[in-house]
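Here is the structure we will look at, set down as C-alpha cells.
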Amino acid sequence: MTIVLFIAGVLFVAVGIAASIALHEVGHLVPAKLFRVRVTQYMIGFGPTVFSRRRGETEYGIKALPLGGYVSMVGMFPPANKADGGATVRQSSTGMFQQLAADARQAAAEQLQPGDEFRVFYKLPIWKRIVIMLGGPLMNLLIGIIMFAVLIMGFGSAQATTRVSEVYQCVVAADQQQETGQTDCGPADPAAPAFEAGLQPGDRIVAFDGREVTSWSELSSWIRDAAGQEVPITYVRDGETINETIEPLLTERPVPDVDGRAMLNDDGTPVMQEVGFIGVGSQQELVPQPASEVMPAVGESLVRVTGVVLNLPQRVAQVAEAAFSDAPRDPNGPISVVGVGRIAGEVSAMDEIPLEARAATLVGLVGGVNLALFVFNLIPLLPLDGGHVAGALWEGLRRGVAKLFKRPDPGPFDMAKLLPVTYAVAILLMGMGALLIYADIVKPVDLFG
C-alpha cells in the first residue's frame, strides 16, 4: 500500500506539472491568435513528435522529451533588410555568430506564406508582443493563485487547537536540554503539572482558571501568567467533563516569534524567558481560512522564490558542493522536478499524517511549482519569456528616443542577433537541470528527517 501511495503522489504532481506547462503555452497561444499572428505549432515537450494533429493552420502535438513546451509563431525574427519588398535576403557572413543569425532569419522567412505580411510577430505593436510573451507566466501565476485558494480556503492552514496531542511526564530544564541533550525524565526532574492533573492525549481543554478556552494561543498566555498558582482546569475526554486543579511550574522557555519558532540572540542562542509551563502539546488541525488570506500567502511564496532566483548561481553552486561532497543539502535551495516528485511520493506514503493533510501538501506543491515557473520565466534572458519582453521594451525605447530627437525610425530590434546568448543560456539551463536531477537522486533534500 505504501508503494501505491508513493506512486500516486508522484503521478499527481507529474500530471499537475504537465498540465501547468500545457496551460502556460495556452497563455501564449490564445493572445497570439487573438492578435491574428499565424501560429504554426503548439507542442508539449521537445524532440521527436509522438503525436500531433492539425487544426486549421496550427499543428497541436506531444513530443518525446517532457521538458517543457513551445508555441511557434511566424515572423519571430525580422528580415535583415527590406530591399526586396520585405523578404529576407540571405547575406554572407564571416563569423559563426553572424551565420547563426542569418540562418535563423532564413528559417523564419521560409515559414512565410502569401498573406502573412501583416500576421508576423515582429510587426505587432510592442504592447501586443508583451501581452503574448507574458501570457505564459501569467497563466502560471493564475494557476498558483487557484492552487493556493484551494489549499487555504478549501483544506485550510494548520492551526493549533485546544485538543492535547502529547503529555510530558516531567519537566526537563531548557538549559539542561541544551547542555546535555537530555529529553527523557531523570529522577531529579519534577513531574509535569499536566501529567499530575491526569491529562491524556486526545483530551480537549475547555476551561482554565474559571475562563472558557477558545484558542490555544489564549490558553498558552494564561498558563504562562499562572506560574506557581494552583488553578482549576476543565477538560473533556470521550464526552465526559473532568474538573481538576493544576499548578503551572515556573521554568525558562524559548521566546517564540510570530511563526512559533524560537527567537535568537545575536550569538545564535535562543532568547529565554521565565513562564508558567504545564507540559502539553497541541494537536494541529487544518482550519479553512477566508479569501483575504490567499493573496498574502501567494505574496510570501513569491518573495521566497524570488530570493532563490536572485541568488540562483550561488544556490546552484551550493547544490553542486552538496552533491559531490559531505556538505549538507539546503532544504530551501532549488530542486528539480525529480525532487518535487520524490517529496510528493514521500508525503503521500506517510500513514501517520491524515489523508486530508497529505492531499493539501500535494496541492501546495503544484501551486508552489507554478509560482516558481512564473518568477523564473520573467528572467530577462532568452530563451525565457522575460528575454522576449526585454527585447520588445528595448525596441520601444530605441524608437521612442529616435522619435524624440526626430531621427529615422530604427525599425524592429533584431532578436536574431541574440541567438548566441540564447544558446549559451539554454546550455546553462540544461546543465543546471542535469545537476539538480543528479543531486536529487544521490543527495535528495530531506524535509522530514
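Each chain of the C-alpha cells is named A, B, ... in the order shown, its residues numbered from 1; ligands are numbered from 1 in display order.
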From a DSSP pass on the backbone, collect the residues of range 321-409 of chain A flagged as helix (DSSP H, G or I) and hand them back as a PyMOL selection string. chain A and resi 321-323+337-348+355-377+385-404
Between A:Ile205, A:Val271, A:Leu219, A:Ile21, which is the closest to Ile242 in chain A once you count only C-alpha atoms?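 Of A:Ile205, A:Val271, A:Leu219, A:Ile21, the one nearest Ile242 in chain A, counting only C-alpha atoms, is A:Ile205.
Distance-wise, CA of Met43 in chain A and CA of Gly69 in chain A end up 5.5 Å apart.
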Can you tell me, as a ChimeraX atom specification, what residues are no more than 10 Å from range 163-172 of chain A when counting only C-alpha atoms, ignoring any on the same chain fewer than 3 positions away? /A:160,175-177,182-196,198-206,215-216,235-237,249,251,277-285
Contacts of Pro288 in chain A within 8 Å, only C-alpha atoms, excl. fewer than 5 positions in-chain, as a ChimeraX atom specification: /A:152-157
Near Arg399 in chain A, counting only C-alpha atoms, which residues have an atom at most 12 Å away, once you skip same-chain residues fewer than 2 positions from it, shown as a list of chain:residue names? A:Pro125, A:Ile126, A:Ala392, A:Leu393, A:Trp394, A:Glu395, A:Gly396, A:Leu397, A:Val401, A:Ala402, A:Lys403, A:Leu404, A:Phe405, A:Lys406, A:Arg407, A:Pro408, A:Asp409, A:Pro410, A:Gly411, A:Pro412, A:Phe413
For Arg54 in chain A, list every protein, DNA or RNA residue within 12 Å, evaluated using only C-alpha atoms, and leave out those in the same chain fewer than 5 positions away; present the list as a PyMOL selection string. chain A and resi 39-43+59-61
Export C-alpha atoms of the chosen residues as a PDB file, in the first residue's frame?
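Result went into part.pdb, see below:
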ATOM      1  CA  VAL A  39       0.739  30.018 -35.089  1.00  0.00           C
ATOM      2  CA  THR A  40       2.272  27.004 -36.820  1.00  0.00           C
ATOM      3  CA  GLN A  41       2.794  24.708 -33.812  1.00  0.00           C
ATOM      4  CA  TYR A  42       1.610  24.187 -30.236  1.00  0.00           C
ATOM      5  CA  MET A  43       3.816  21.489 -28.732  1.00  0.00           C
ATOM      6  CA  GLU A  59      -0.339  21.664 -35.504  1.00  0.00           C
ATOM      7  CA  TYR A  60      -1.033  20.512 -31.930  1.00  0.00           C
ATOM      8  CA  GLY A  61       1.092  17.715 -30.523  1.00  0.00           C
TER       9      GLY A  61
END
Using only C-alpha atoms, find the one residue out of A:Ala19, A:Leu429, A:Ala349, A:Ile62 that sits nearest to Val4 in chain A.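 Under the stated criterion, the closest residue is A:Ala349.
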Can you work out which one of A:Met76, A:Val131, A:Leu310, A:Val10 has the shortest atom-to-atom distance to Gln106 in chain A, counting only C-alpha atoms?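 Ranked by minimum distance to Gln106 in chain A, first place goes to A:Met76.
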For range 318-327 of chain A, please output as a list in words all residues within 10 Å (counting only C-alpha atoms; exclusion window: fewer than 2 positions along the same chain). Leu312, Pro313, Gln314, Arg315, Val316, Arg329, Asp330, Gly333, Pro334, Ile335, Met432, Leu435, Leu436, Tyr438, Ala439, Asp440, Ile441, Val442, Lys443, Pro444 and Val445 of chain A
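Atom pair CA of Val71 in chain A / CA of Ile44 in chain A: separated by 8.9 Å.
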